[in-house]
Every structure is written in structure tokens, then in C-alpha cells.
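Undergrad: This is the content of final.csv (CSV, C-alpha atoms):
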```csv
chain,number,residue,atom,x,y,z
A,1,ALA,CA,139.1,103.5,135.5
A,2,GLN,CA,142.2,104.5,137.5
A,3,ALA,CA,142.9,107.4,135.1
A,4,LYS,CA,139.2,108.5,135.4
A,5,MET,CA,139.4,108.5,139.2
A,6,LEU,CA,142.7,110.4,139.2
A,7,GLY,CA,141.1,113.0,137.0
A,8,LEU,CA,138.2,113.4,139.4
A,9,LEU,CA,140.5,113.8,142.3
A,10,ALA,CA,142.5,116.4,140.4
A,11,GLY,CA,139.2,118.2,139.7
A,12,ALA,CA,138.6,118.4,143.5
A,13,ILE,CA,141.3,120.9,143.9
A,14,HIS,CA,139.9,124.4,144.0
A,15,ALA,CA,141.1,127.0,141.5
A,16,ALA,CA,139.4,129.7,143.5
A,17,PRO,CA,138.6,130.5,147.2
A,18,GLU,CA,135.5,128.8,148.6
A,19,ARG,CA,132.5,131.0,148.5
A,20,TYR,CA,130.9,129.3,151.5
A,21,PRO,CA,131.7,128.9,155.3
A,22,PRO,CA,134.4,126.4,156.2
A,23,ARG,CA,131.9,124.5,158.3
A,24,LEU,CA,130.1,123.3,155.1
A,25,SER,CA,133.4,121.6,154.0
A,26,SER,CA,133.4,119.3,157.0
A,27,ILE,CA,129.8,118.0,157.1
A,28,PRO,CA,129.0,114.4,156.0
A,29,LYS,CA,128.2,114.1,152.3
A,30,LEU,CA,124.7,112.9,152.9
A,31,GLY,CA,122.0,115.4,153.9
A,32,LEU,CA,118.2,115.3,154.2
A,33,GLY,CA,115.8,116.9,151.7
A,34,THR,CA,112.2,117.6,152.8
A,35,ALA,CA,110.3,117.7,149.6
A,36,ALA,CA,108.6,114.4,150.5
A,37,LEU,CA,108.2,115.2,154.2
A,38,GLY,CA,106.4,118.5,154.1
A,39,ARG,CA,103.3,117.7,152.1
A,40,PRO,CA,100.9,114.7,151.6
A,41,GLY,CA,101.6,114.1,147.9
A,42,TYR,CA,104.7,113.9,145.9
A,43,ILE,CA,106.1,112.2,142.7
A,44,ASN,CA,108.3,109.6,144.3
A,45,LEU,CA,107.6,106.0,143.3
A,46,GLY,CA,105.7,104.0,145.9
A,47,ARG,CA,104.8,106.9,148.1
A,48,ASP,CA,101.3,105.5,148.6
A,49,ALA,CA,102.9,102.6,150.4
A,50,ASP,CA,105.1,104.7,152.6
A,51,LEU,CA,102.5,106.8,154.3
A,52,PRO,CA,99.0,106.1,155.7
A,53,ASP,CA,95.9,106.2,153.7
A,54,ARG,CA,94.9,109.6,152.4
A,55,PRO,CA,92.4,110.6,155.1
A,56,GLU,CA,95.1,110.1,157.7
A,57,ARG,CA,97.7,112.3,156.2
A,58,THR,CA,96.8,115.2,158.4
A,59,VAL,CA,99.1,118.1,159.1
A,60,GLU,CA,99.7,116.8,162.6
A,61,TRP,CA,100.5,113.3,161.4
A,62,MET,CA,102.9,114.6,158.7
A,63,GLN,CA,104.6,116.8,161.3
A,64,SER,CA,105.1,113.9,163.7
A,65,ASN,CA,106.5,111.8,160.8
A,66,ALA,CA,108.8,114.6,159.7
A,67,HIS,CA,110.1,115.0,163.2
A,68,SER,CA,110.8,111.2,163.5
A,69,VAL,CA,112.8,111.3,160.2
A,70,LEU,CA,114.7,114.4,161.2
A,71,ASP,CA,115.6,112.7,164.5
A,72,ALA,CA,116.8,109.6,162.6
A,73,ALA,CA,118.9,111.9,160.3
A,74,VAL,CA,120.7,113.3,163.3
A,75,GLU,CA,121.2,109.8,164.7
A,76,HIS,CA,122.9,108.7,161.4
A,77,GLY,CA,125.2,111.8,161.5
A,78,LEU,CA,123.5,113.9,158.9
A,79,LYS,CA,124.2,117.7,159.3
A,80,TYR,CA,122.4,119.4,156.4
A,81,ILE,CA,118.7,119.9,156.0
A,82,ASP,CA,117.2,121.3,152.8
A,83,CYS,CA,113.8,122.9,152.6
A,84,ALA,CA,111.7,125.2,150.3
A,85,ARG,CA,108.8,127.5,150.7
A,86,SER,CA,106.8,125.3,148.2
A,87,TYR,CA,107.4,122.0,150.1
A,88,GLY,CA,104.1,122.4,151.9
A,89,ARG,CA,104.8,122.7,155.6
A,90,ALA,CA,108.4,121.6,155.4
A,91,GLU,CA,109.8,124.9,156.9
A,92,ASP,CA,107.2,124.8,159.6
A,93,PHE,CA,108.0,121.2,160.5
A,94,VAL,CA,111.8,121.9,160.6
A,95,SER,CA,111.2,125.0,162.7
A,96,SER,CA,109.1,123.2,165.3
A,97,TRP,CA,111.6,120.3,165.4
A,98,LEU,CA,114.4,122.7,166.0
A,99,ALA,CA,112.5,124.5,168.7
A,100,ASP,CA,112.2,121.3,170.7
A,101,ARG,CA,115.8,120.3,170.2
A,102,LEU,CA,117.8,123.4,171.0
A,103,SER,CA,121.1,121.5,171.2
A,104,VAL,CA,120.9,119.8,167.8
A,105,ASP,CA,123.8,120.7,165.5
A,106,VAL,CA,122.6,121.1,161.9
A,107,ILE,CA,122.8,123.5,158.9
A,108,VAL,CA,119.6,124.5,157.3
A,109,GLY,CA,119.1,125.7,153.8
A,110,SER,CA,115.9,126.7,152.0
A,111,LYS,CA,114.6,128.0,148.6
A,112,TRP,CA,112.3,130.7,147.3
A,113,GLY,CA,110.5,131.2,144.0
A,114,TYR,CA,107.7,128.6,144.1
A,115,GLU,CA,104.4,129.0,145.9
A,116,TYR,CA,102.7,125.9,147.3
A,117,THR,CA,99.2,125.8,145.8
A,118,ALA,CA,97.9,122.2,146.4
A,119,ASP,CA,96.2,123.2,149.7
A,120,TRP,CA,97.2,119.9,151.3
A,121,ARG,CA,95.7,117.8,148.5
A,122,ILE,CA,97.4,114.8,147.0
A,123,GLU,CA,95.8,115.4,143.6
A,124,VAL,CA,94.7,118.7,142.2
A,125,GLY,CA,92.0,119.4,139.5
A,126,ASP,CA,92.5,119.9,135.8
A,127,GLY,CA,94.2,123.2,135.2
A,128,GLU,CA,95.6,123.4,138.7
A,129,ALA,CA,99.2,122.9,139.9
A,130,HIS,CA,100.8,121.7,143.1
A,131,GLU,CA,103.1,124.7,143.0
A,132,ARG,CA,103.7,127.8,140.8
A,133,LYS,CA,106.9,129.6,140.0
A,134,TYR,CA,107.2,133.3,140.7
A,135,HIS,CA,110.9,134.4,140.1
A,136,THR,CA,110.2,138.0,140.9
A,137,HIS,CA,111.7,140.5,143.3
A,138,ALA,CA,108.5,140.8,145.2
A,139,GLN,CA,108.3,137.0,145.7
A,140,LEU,CA,111.9,137.0,146.9
A,141,VAL,CA,111.3,139.7,149.5
A,142,LYS,CA,108.1,138.0,150.6
A,143,GLN,CA,109.4,134.5,150.9
A,144,LEU,CA,112.8,135.5,152.4
A,145,SER,CA,110.9,137.2,155.2
A,146,GLU,CA,108.7,134.0,155.7
A,147,SER,CA,111.7,131.7,155.7
A,148,LYS,CA,113.7,133.8,158.1
A,149,LYS,CA,110.8,134.0,160.5
A,150,LEU,CA,110.6,130.2,160.7
A,151,LEU,CA,114.3,129.5,160.3
A,152,PRO,CA,116.3,132.4,161.8
A,153,SER,CA,119.6,130.4,161.5
A,154,LEU,CA,119.1,130.0,157.8
A,155,ALA,CA,122.6,129.4,156.3
A,156,ILE,CA,121.8,128.9,152.5
A,157,TYR,CA,119.0,130.5,150.5
A,158,GLN,CA,118.5,129.3,147.0
A,159,ILE,CA,116.5,130.3,143.9
A,160,HIS,CA,114.2,127.4,143.4
A,161,SER,CA,114.5,125.7,140.0
A,162,ALA,CA,116.3,128.5,138.2
A,163,THR,CA,116.3,128.3,134.4
A,164,GLU,CA,117.4,130.6,131.6
A,165,ALA,CA,113.8,130.8,130.5
A,166,SER,CA,112.6,132.2,133.8
A,167,GLY,CA,114.9,135.3,133.4
A,168,VAL,CA,115.7,135.3,137.1
A,169,LEU,CA,119.4,135.6,136.5
A,170,GLU,CA,118.8,138.7,134.4
A,171,SER,CA,116.7,140.6,136.9
A,172,THR,CA,118.7,143.4,138.4
A,173,GLU,CA,116.3,143.8,141.3
A,174,VAL,CA,116.6,140.2,142.2
A,175,LEU,CA,120.3,140.0,141.9
A,176,ASP,CA,120.9,143.2,144.0
A,177,GLU,CA,118.6,141.8,146.7
A,178,LEU,CA,120.5,138.5,146.7
A,179,ALA,CA,123.8,140.4,146.9
A,180,SER,CA,122.6,142.2,150.0
A,181,LEU,CA,121.7,138.8,151.5
A,182,ARG,CA,125.1,137.4,150.5
A,183,ASP,CA,126.8,140.4,152.2
A,184,SER,CA,124.8,139.7,155.4
A,185,GLY,CA,126.5,136.3,155.7
A,186,VAL,CA,123.9,134.0,154.1
A,187,VAL,CA,125.1,131.8,151.3
A,188,CYS,CA,123.2,132.6,148.1
A,189,GLY,CA,122.5,129.6,146.0
A,190,LEU,CA,120.3,128.3,143.3
A,191,SER,CA,118.7,125.0,142.4
A,192,VAL,CA,118.4,124.2,138.7
A,193,SER,CA,116.0,122.4,136.5
A,194,HIS,CA,116.3,120.9,133.0
A,195,PRO,CA,118.1,122.1,131.0
A,196,GLN,CA,120.6,122.5,133.8
A,197,VAL,CA,124.1,123.0,132.2
A,198,ALA,CA,123.7,126.5,130.8
A,199,THR,CA,122.1,127.8,134.0
A,200,ILE,CA,124.9,126.3,136.1
A,201,GLU,CA,127.6,127.9,133.9
A,202,ARG,CA,125.9,131.3,134.0
A,203,ALA,CA,125.5,131.2,137.8
A,204,THR,CA,129.1,130.2,138.3
A,205,SER,CA,130.4,133.2,136.5
A,206,LEU,CA,127.8,135.7,137.7
A,207,ALA,CA,129.2,138.6,139.9
A,208,VAL,CA,127.4,141.4,141.6
A,209,GLY,CA,129.2,144.3,143.4
A,210,GLY,CA,132.6,143.0,142.4
A,211,ALA,CA,132.2,139.6,144.0
A,212,PRO,CA,130.7,136.2,142.9
A,213,LEU,CA,127.0,136.1,143.8
A,214,PHE,CA,126.4,132.4,144.2
A,215,GLY,CA,128.1,130.2,146.8
A,216,SER,CA,126.2,127.0,146.1
A,217,VAL,CA,124.3,125.2,143.3
A,218,GLN,CA,121.9,122.4,143.7
A,219,ALA,CA,121.3,120.1,140.7
A,220,THR,CA,120.0,116.7,139.6
A,221,PHE,CA,122.9,114.3,139.2
A,222,ASN,CA,122.6,110.5,139.4
A,223,LEU,CA,123.6,107.3,137.7
A,224,LEU,CA,120.9,107.9,135.0
A,225,ASP,CA,121.4,111.6,134.3
A,226,GLN,CA,125.1,112.4,134.4
A,227,SER,CA,124.8,115.4,132.0
A,228,ALA,CA,125.6,118.1,134.6
A,229,ALA,CA,128.9,116.5,135.8
A,230,ASP,CA,131.3,118.8,134.0
A,231,ALA,CA,129.4,122.0,134.8
A,232,LEU,CA,129.2,121.0,138.5
A,233,GLN,CA,132.9,120.1,138.7
A,234,THR,CA,133.7,123.5,137.1
A,235,ALA,CA,131.4,125.2,139.7
A,236,HIS,CA,133.2,123.4,142.4
A,237,LYS,CA,136.6,124.6,141.1
A,238,ALA,CA,135.2,128.1,141.1
A,239,GLY,CA,134.6,127.8,144.8
A,240,MET,CA,130.9,126.8,144.9
A,241,PHE,CA,129.3,124.2,147.3
A,242,ILE,CA,127.7,121.5,145.3
A,243,ILE,CA,124.4,120.0,146.5
A,244,ILE,CA,122.9,117.0,144.7
A,245,LYS,CA,119.2,116.4,144.5
A,246,GLU,CA,117.3,113.4,143.1
A,247,ALA,CA,120.2,111.0,143.5
A,248,VAL,CA,117.9,108.0,143.4
A,249,ALA,CA,115.8,109.6,140.5
A,250,ASN,CA,112.5,109.8,142.5
A,251,GLY,CA,112.6,106.1,143.1
A,252,ARG,CA,113.8,104.9,139.7
A,253,LEU,CA,117.1,103.9,141.3
A,254,THR,CA,115.5,101.9,144.1
A,255,SER,CA,114.0,98.5,144.4
A,256,ARG,CA,110.6,100.1,143.4
A,257,ALA,CA,111.7,100.8,139.9
A,258,GLU,CA,110.2,99.0,136.9
A,259,PRO,CA,112.2,95.9,136.0
A,260,SER,CA,114.9,96.8,133.4
A,261,GLN,CA,118.4,95.8,132.4
A,262,ARG,CA,119.8,98.8,134.3
A,263,LEU,CA,118.0,97.8,137.4
A,264,GLN,CA,119.3,94.2,137.1
A,265,ILE,CA,122.9,95.6,136.8
A,266,LEU,CA,122.4,97.8,139.9
A,267,GLN,CA,120.9,94.9,141.9
A,268,ALA,CA,123.8,92.6,141.0
A,269,GLU,CA,126.4,95.2,142.1
A,270,ALA,CA,124.5,96.0,145.3
A,271,ALA,CA,124.2,92.3,146.1
A,272,ALA,CA,128.0,91.9,145.7
A,273,LEU,CA,128.4,94.5,148.4
A,274,GLY,CA,125.6,93.3,150.6
A,275,THR,CA,123.7,96.5,150.3
A,276,SER,CA,120.6,98.1,148.9
A,277,VAL,CA,120.3,99.6,145.4
A,278,ASP,CA,119.4,103.0,146.8
A,279,ALA,CA,122.5,103.0,149.1
A,280,LEU,CA,124.7,102.1,146.2
A,281,SER,CA,123.1,104.8,144.0
A,282,LEU,CA,123.8,107.4,146.6
A,283,ALA,CA,127.3,106.1,147.3
A,284,TRP,CA,128.1,106.4,143.6
A,285,VAL,CA,127.1,110.1,143.7
A,286,ILE,CA,129.0,110.9,146.9
A,287,SER,CA,132.1,109.1,145.6
A,288,HIS,CA,132.6,112.2,143.3
A,289,PRO,CA,135.1,114.4,145.2
A,290,TRP,CA,133.4,117.6,144.1
A,291,VAL,CA,130.1,116.7,145.7
A,292,GLY,CA,129.5,118.7,148.9
A,293,VAL,CA,126.4,117.1,150.0
A,294,CYS,CA,123.9,114.7,148.4
A,295,LEU,CA,120.3,114.8,149.6
A,296,SER,CA,118.3,111.8,150.8
A,297,GLY,CA,114.7,112.2,149.9
A,298,ALA,CA,113.5,109.7,152.5
A,299,SER,CA,110.0,110.0,153.8
A,300,THR,CA,110.3,107.2,156.4
A,301,ILE,CA,112.9,106.3,159.0
A,302,GLU,CA,113.4,102.9,157.2
A,303,GLN,CA,114.2,104.6,154.0
A,304,LEU,CA,116.6,107.0,155.7
A,305,ALA,CA,118.5,104.1,157.4
A,306,SER,CA,118.9,102.4,154.0
A,307,ASN,CA,120.1,105.6,152.4
A,308,ALA,CA,122.6,106.3,155.2
A,309,GLU,CA,124.4,103.1,154.3
A,310,ALA,CA,125.9,105.1,151.4
A,311,LEU,CA,128.2,106.9,153.9
A,312,ARG,CA,129.7,103.5,154.8
A,313,LEU,CA,130.1,102.5,151.2
A,314,ALA,CA,131.7,105.6,149.7
A,315,PRO,CA,134.1,106.0,148.1
A,316,LEU,CA,133.3,103.0,146.0
A,317,PRO,CA,136.0,100.8,144.6
A,318,GLU,CA,137.4,102.5,141.4
A,319,GLU,CA,136.5,99.7,139.0
A,320,MET,CA,132.9,99.5,140.3
A,321,PHE,CA,132.6,103.3,140.3
A,322,ALA,CA,133.6,103.4,136.6
A,323,ARG,CA,131.6,100.3,135.6
A,324,LEU,CA,128.3,101.6,137.1
A,325,GLY,CA,128.8,105.0,135.5
A,326,ALA,CA,129.2,103.5,132.1
A,327,ALA,CA,126.4,100.9,132.4
A,328,MET,CA,123.7,103.0,134.0
A,329,LYS,CA,123.9,106.2,132.0
A,330,GLN,CA,120.7,107.3,130.3
A,331,ASP,CA,120.1,110.0,127.6
A,332,CYS,CA,119.4,113.3,129.3
A,333,GLU,CA,116.3,114.1,127.3
A,334,GLU,CA,114.9,110.6,127.9
A,335,TYR,CA,115.6,110.9,131.6
A,336,TRP,CA,113.6,114.2,131.9
A,337,ALA,CA,110.8,112.9,129.8
A,338,ASP,CA,110.5,109.9,132.2
A,339,ARG,CA,110.5,112.3,135.1
A,340,ARG,CA,107.7,114.4,133.7
A,341,ALA,CA,105.6,111.3,133.4
A,342,LEU,CA,105.8,110.6,137.2
A,343,ALA,CA,102.4,111.0,138.8
A,344,TRP,CA,101.7,112.7,142.1
A,345,ASN,CA,100.7,110.0,144.6
```
Just give me the structure of the file as C-alpha cells.
TA:
Amino acid sequence: AQAKMLGLLAGAIHAAPERYPPRLSSIPKLGLGTAALGRPGYINLGRDADLPDRPERTVEWMQSNAHSVLDAAVEHGLKYIDCARSYGRAEDFVSSWLADRLSVDVIVGSKWGYEYTADWRIEVGDGEAHERKYHTHAQLVKQLSESKKLLPSLAIYQIHSATEASGVLESTEVLDELASLRDSGVVCGLSVSHPQVATIERATSLAVGGAPLFGSVQATFNLLDQSAADALQTAHKAGMFIIIKEAVANGRLTSRAEPSQRLQILQAEAAALGTSVDALSLAWVISHPWVGVCLSGASTIEQLASNAEALRLAPLPEEMFARLGAAMKQDCEEYWADRRALAWN
């Protein structure tokens, strides 16, 4: 365990200059994602118990709830907020929150490439989708303009769920547009979807105009799916800022998960520390030195308070860190099959 931790610490040393502003290096390692805050439906387990009954999930109520969670995030010391054009009204809610709190000190990132198509519905009809992917130059130009209008202080702008199959990393028009954005001072990043590793590796090495294009990468990494660890550590060494999403696996690493041997292990370790399973899961992620920020996906102030305990717990004791990593790991393909089965609720 000690050798593993020393190896991780050694991996934290950059082999290349950082591709992002120094301010990002000093923020707390827990941030707030808004996927569950900006729209009435999402795939997180137990969401139906978190929010009022369906008729009450008006835009106005959801905005008020989002503002309350954002206020709680600041109270807990969080500095990074992550949005996307496809997260319903997430950018609008963050924009209106910032307008009422001019002195708040946060860094905001967002994403382009998906269009929100659910029209404020929790469930959509057969053949319909909650969001659709358009990784085109026209979509980038359109959504960048929309994001900047709502979030003029936008610090990070990411391709949403880039994959090799989408071809977005081969589009000269898109890459040149992103290079112009990079040269204007905005960090260009990408979030990735399964299969993640090859896309992370391609993005890490991609250069446009004689300089690396991407300054950040956002990926799924948690106790269950650890498959992207090596690629993310390499990206970190290359100077990229690492953002972790789905650290509690959409609720599968919380008390709401179906009973299993893995959950029993996690509950026992959490009980030994006097904490919650979600806080321990997050703490395991942020105990990796190469993680820049890990996103809480909280949709209530109570969830956020529980998640924020991770900042107190990390870094975990070396033996517990290693023990959890070994005991909880799931096959990558099995993990993503389970995720695909999650229902919007």
C-alpha cells in the first residue's frame, strides 16, 4: 500500500507546464456539477425522493432549489461549478445566481455538443431522447455564443462527451475554433464517455497551432470504474487539469444502492470513520494527487453537506485507500452496462 501511494505521489509531479491558470491549482478538490440541478429528471438513484412530486417541479421551483444548493456549495468552500448547455436550465440558473451574488468567488465551466430536447419532461416518449449530440462546428459556434451570453466569466469550455466515434477530434473546423477560444484565454477541455481511455490519450497529445489544444479533461472515475486512472494520470503529467464526474456512480456508491457485497464493504469502512458512504467514495477519489477537482452531483443541500465531508476525510489513510480500491473495483464493461440501465426519474 505504501509503495502504491508513493507511486501516486510521484505521478503528481508534472512533466510539462500546466495548461491552465494557476488559480485552478489552488481550489478545493470538490466542486459542484449541475446535471441534476438544471432539469426535472435525471438518472441518479432515488431522485424521485429528493425533489417534490412531478407537478411541482416547475422552472421557478427548480431555480430556487438550484440557488439554495449553490449557496450551500459556497458555504462549504467549493469554488468550481460545472454546467452544460444540455443540462436543462443549468446555465440560466447559475447565471441568475451569480447576478444576485456579485461578490461570490467561483470558477465556472460549461460544455457544448449536446442539445436539451426533453422540454422540461421527466420521461419522454418512445423514440425521443432527453438530449441529442451534435459535435459540429455550427453547434460549437451556436452554443459557445449562448454560454458566453449567460456566463461571461466562463473559464473552461468543454466538448460534451467526446468519443472517437463522434469524430469531433478529427474535425479541422472544430479544432481551429477551439484553438481560437484557447488563445482568447478560455481553457479548452473535453468530457469523455465510454470508451474513455483512447479519447483521453488522443486529447492529451493533440496540438493545434503549435500548442496543446486541451487544458482539461473530465472523466468518469470512481471506486467501481477505475479504468481511466492511468490515462488521467498521464494527462495530468502532460499539464492538464483533471475533473472527475460520477464519483458516486449516479447513486450506486451511496446508501441508496442495491444491497451487495461491495456496498457492505463500503458501509463498514465508512462506519469505522464515522462518515457516510458517499463522503468516503468521494474522499477516495480526491485522495489521488492527480485529481484537480471532483464534482458533487448533489441535488439537495443535505446531499451536498454529506458530500462535503470528503474534504475533511481526504487524503484517506494509505491502507484504507488501497484496501477500498482493491475490494470495490468492477469490470469496466459491466459498470457501463449497469449505467445504461439506469432509468430517468
Undergrad: May I ask for the distance between atom CA of Ala327 of chain A and atom CA of Thr199 of chain A, given in Å to one decimal place?
TA: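 Atom CA of Thr199 of chain A lies 27.3 Å from atom CA of Ala327 of chain A.
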Undergrad: What is the atom CA of Leu324 of chain A to atom CA of Leu232 of chain A distance in Å?
TA: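 If I compute the distance from atom CA of Leu324 of chain A to atom CA of Leu232 of chain A, I get 19.5 Å.
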Undergrad: Which polymer residues have any atom within 7 Å of an atom of segment 287-296 of chain A, counting only C-alpha atoms, with same-chain residues fewer than 5 positions away left out, as a PDB file with C-alpha atoms, in the frame of the given file?
TA:
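Full text of result_28.pdb as output:
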```
ATOM      1  CA  LEU A   8     138.200 113.400 139.400  1.00  0.00           C
ATOM      2  CA  LEU A   9     140.500 113.800 142.300  1.00  0.00           C
ATOM      3  CA  ALA A  12     138.600 118.400 143.500  1.00  0.00           C
ATOM      4  CA  LYS A  29     128.200 114.100 152.300  1.00  0.00           C
ATOM      5  CA  LEU A  30     124.700 112.900 152.900  1.00  0.00           C
ATOM      6  CA  GLY A  31     122.000 115.400 153.900  1.00  0.00           C
ATOM      7  CA  LEU A  32     118.200 115.300 154.200  1.00  0.00           C
ATOM      8  CA  GLY A  33     115.800 116.900 151.700  1.00  0.00           C
ATOM      9  CA  GLN A 233     132.900 120.100 138.700  1.00  0.00           C
ATOM     10  CA  HIS A 236     133.200 123.400 142.400  1.00  0.00           C
ATOM     11  CA  PHE A 241     129.300 124.200 147.300  1.00  0.00           C
ATOM     12  CA  ILE A 242     127.700 121.500 145.300  1.00  0.00           C
ATOM     13  CA  ILE A 243     124.400 120.000 146.500  1.00  0.00           C
ATOM     14  CA  ILE A 244     122.900 117.000 144.700  1.00  0.00           C
ATOM     15  CA  LYS A 245     119.200 116.400 144.500  1.00  0.00           C
ATOM     16  CA  ASN A 307     120.100 105.600 152.400  1.00  0.00           C
ATOM     17  CA  ALA A 314     131.700 105.600 149.700  1.00  0.00           C
ATOM     18  CA  PRO A 315     134.100 106.000 148.100  1.00  0.00           C
ATOM     19  CA  LEU A 316     133.300 103.000 146.000  1.00  0.00           C
TER      20      LEU A 316
END
```
Undergrad: Pick the closest to Arg19 of chain A from A:Leu223, A:Leu266, A:Gly185, A:Ala326: which is it, counting all atoms listed in the file?
TA: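 So, comparing all the options, the nearest one is A:Gly185.
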Undergrad: Rounded to one decimal in Å, what is the spacing between atom CA of Ser299 of chain A and atom CA of Leu154 of chain A?
TA: 22.3 Å
Undergrad: Between A:Thr172, A:Ser147, A:Thr163, A:Thr254, which is the closest to Ala198 of chain A once you count only C-alpha atoms?
TA: A:Thr163
Undergrad: Nearest residue to Ala257 of chain A out of A:Asp126, A:Asp230, A:Glu60, A:Asp278, using only C-alpha atoms?
TA: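 Looking at the shortest contact to Ala257 of chain A, the residue is A:Asp278.
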Undergrad: Determine the nearest neighbour of Phe93 of chain A from the options A:Leu78, A:Gly109, A:Lys133, A:Thr34, counting all atoms listed in the file.
TA: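 Checking each candidate against Phe93 of chain A, we get A:Thr34 as the closest.
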Undergrad: Could you check the closest approach to Ala73 of chain A for each of A:Pro28, A:Gly209, A:Gly239, A:Gly251 and tell me which residue wins, using only C-alpha atoms?
TA: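 With only C-alpha atoms as the atom set, the closest residue is A:Pro28.
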Undergrad: Using all atoms listed in the file, which residue out of A:Asp331, A:Glu258, A:Glu201, A:Glu91 lies closest to Ala235 of chain A?
TA: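 Checking each of A:Asp331, A:Glu258, A:Glu201, A:Glu91 against Ala235 of chain A, counting all atoms listed in the file, the winner is A:Glu201.
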Undergrad: Against segment 165-168 of chain A, which residues of segment 58-120 of chain A fall within 12 Å? For each one I want the closest pair of atoms and the distance in Å (one decimal), counting all atoms listed in the file, rows by chain and increasing residue number, as JSON lines.
TA:
```
{"residue": "A:Trp112", "atom": "CA", "partner": "A:Val168", "partner_atom": "CA", "distance": 11.7}
{"residue": "A:Gly113", "atom": "CA", "partner": "A:Val168", "partner_atom": "CA", "distance": 9.6}
{"residue": "A:Tyr114", "atom": "CA", "partner": "A:Ser166", "partner_atom": "CA", "distance": 12.0}
```
Undergrad: Could N, CA and C atoms be built for segment 92-111 of chain A and written out as a short mmCIF file (atom, residue, chain, number, x, y, z; two decimals), in the coordinates of the input?
TA:
```
data_model
loop_
_atom_site.label_atom_id
_atom_site.label_comp_id
_atom_site.auth_asym_id
_atom_site.auth_seq_id
_atom_site.Cartn_x
_atom_site.Cartn_y
_atom_site.Cartn_z
N ASP A 92 107.89 124.84 158.31
CA ASP A 92 107.20 124.80 159.60
C ASP A 92 107.63 123.61 160.43
N PHE A 93 107.68 122.45 159.77
CA PHE A 93 108.00 121.20 160.50
C PHE A 93 109.48 121.26 161.00
N VAL A 94 110.38 121.75 160.18
CA VAL A 94 111.80 121.90 160.60
C VAL A 94 111.89 122.89 161.73
N SER A 95 111.15 123.98 161.63
CA SER A 95 111.20 125.00 162.70
C SER A 95 110.70 124.47 164.01
N SER A 96 109.58 123.75 164.02
CA SER A 96 109.10 123.20 165.30
C SER A 96 109.97 122.12 165.82
N TRP A 97 110.59 121.36 164.94
CA TRP A 97 111.60 120.30 165.40
C TRP A 97 112.77 120.99 166.04
N LEU A 98 113.30 122.04 165.43
CA LEU A 98 114.40 122.70 166.00
C LEU A 98 114.09 123.38 167.35
N ALA A 99 112.87 123.88 167.49
CA ALA A 99 112.50 124.50 168.70
C ALA A 99 112.44 123.57 169.91
N ASP A 100 112.20 122.29 169.61
CA ASP A 100 112.20 121.30 170.70
C ASP A 100 113.52 120.62 170.90
N ARG A 101 114.50 120.95 170.07
CA ARG A 101 115.80 120.30 170.20
C ARG A 101 116.89 121.40 170.03
N LEU A 102 117.00 122.21 171.03
CA LEU A 102 117.80 123.40 171.00
C LEU A 102 119.33 123.06 170.82
N SER A 103 119.72 121.86 171.22
CA SER A 103 121.10 121.50 171.20
C SER A 103 121.56 120.81 169.90
N VAL A 104 120.60 120.57 168.99
CA VAL A 104 120.90 119.80 167.80
C VAL A 104 121.84 120.69 166.88
N ASP A 105 122.82 120.04 166.27
CA ASP A 105 123.80 120.70 165.50
C ASP A 105 123.60 120.43 163.99
N VAL A 106 122.82 121.28 163.30
CA VAL A 106 122.60 121.10 161.90
C VAL A 106 122.68 122.40 161.14
N ILE A 107 122.83 122.30 159.83
CA ILE A 107 122.80 123.50 158.90
C ILE A 107 121.57 123.39 158.09
N VAL A 108 120.85 124.49 158.00
CA VAL A 108 119.60 124.50 157.30
C VAL A 108 119.65 125.43 156.08
N GLY A 109 119.20 124.92 154.96
CA GLY A 109 119.10 125.70 153.80
C GLY A 109 117.62 125.69 153.29
N SER A 110 117.20 126.68 152.53
CA SER A 110 115.90 126.70 152.00
C SER A 110 115.87 127.36 150.60
N LYS A 111 114.69 127.43 149.99
CA LYS A 111 114.60 128.00 148.60
C LYS A 111 113.35 128.85 148.51
#
```
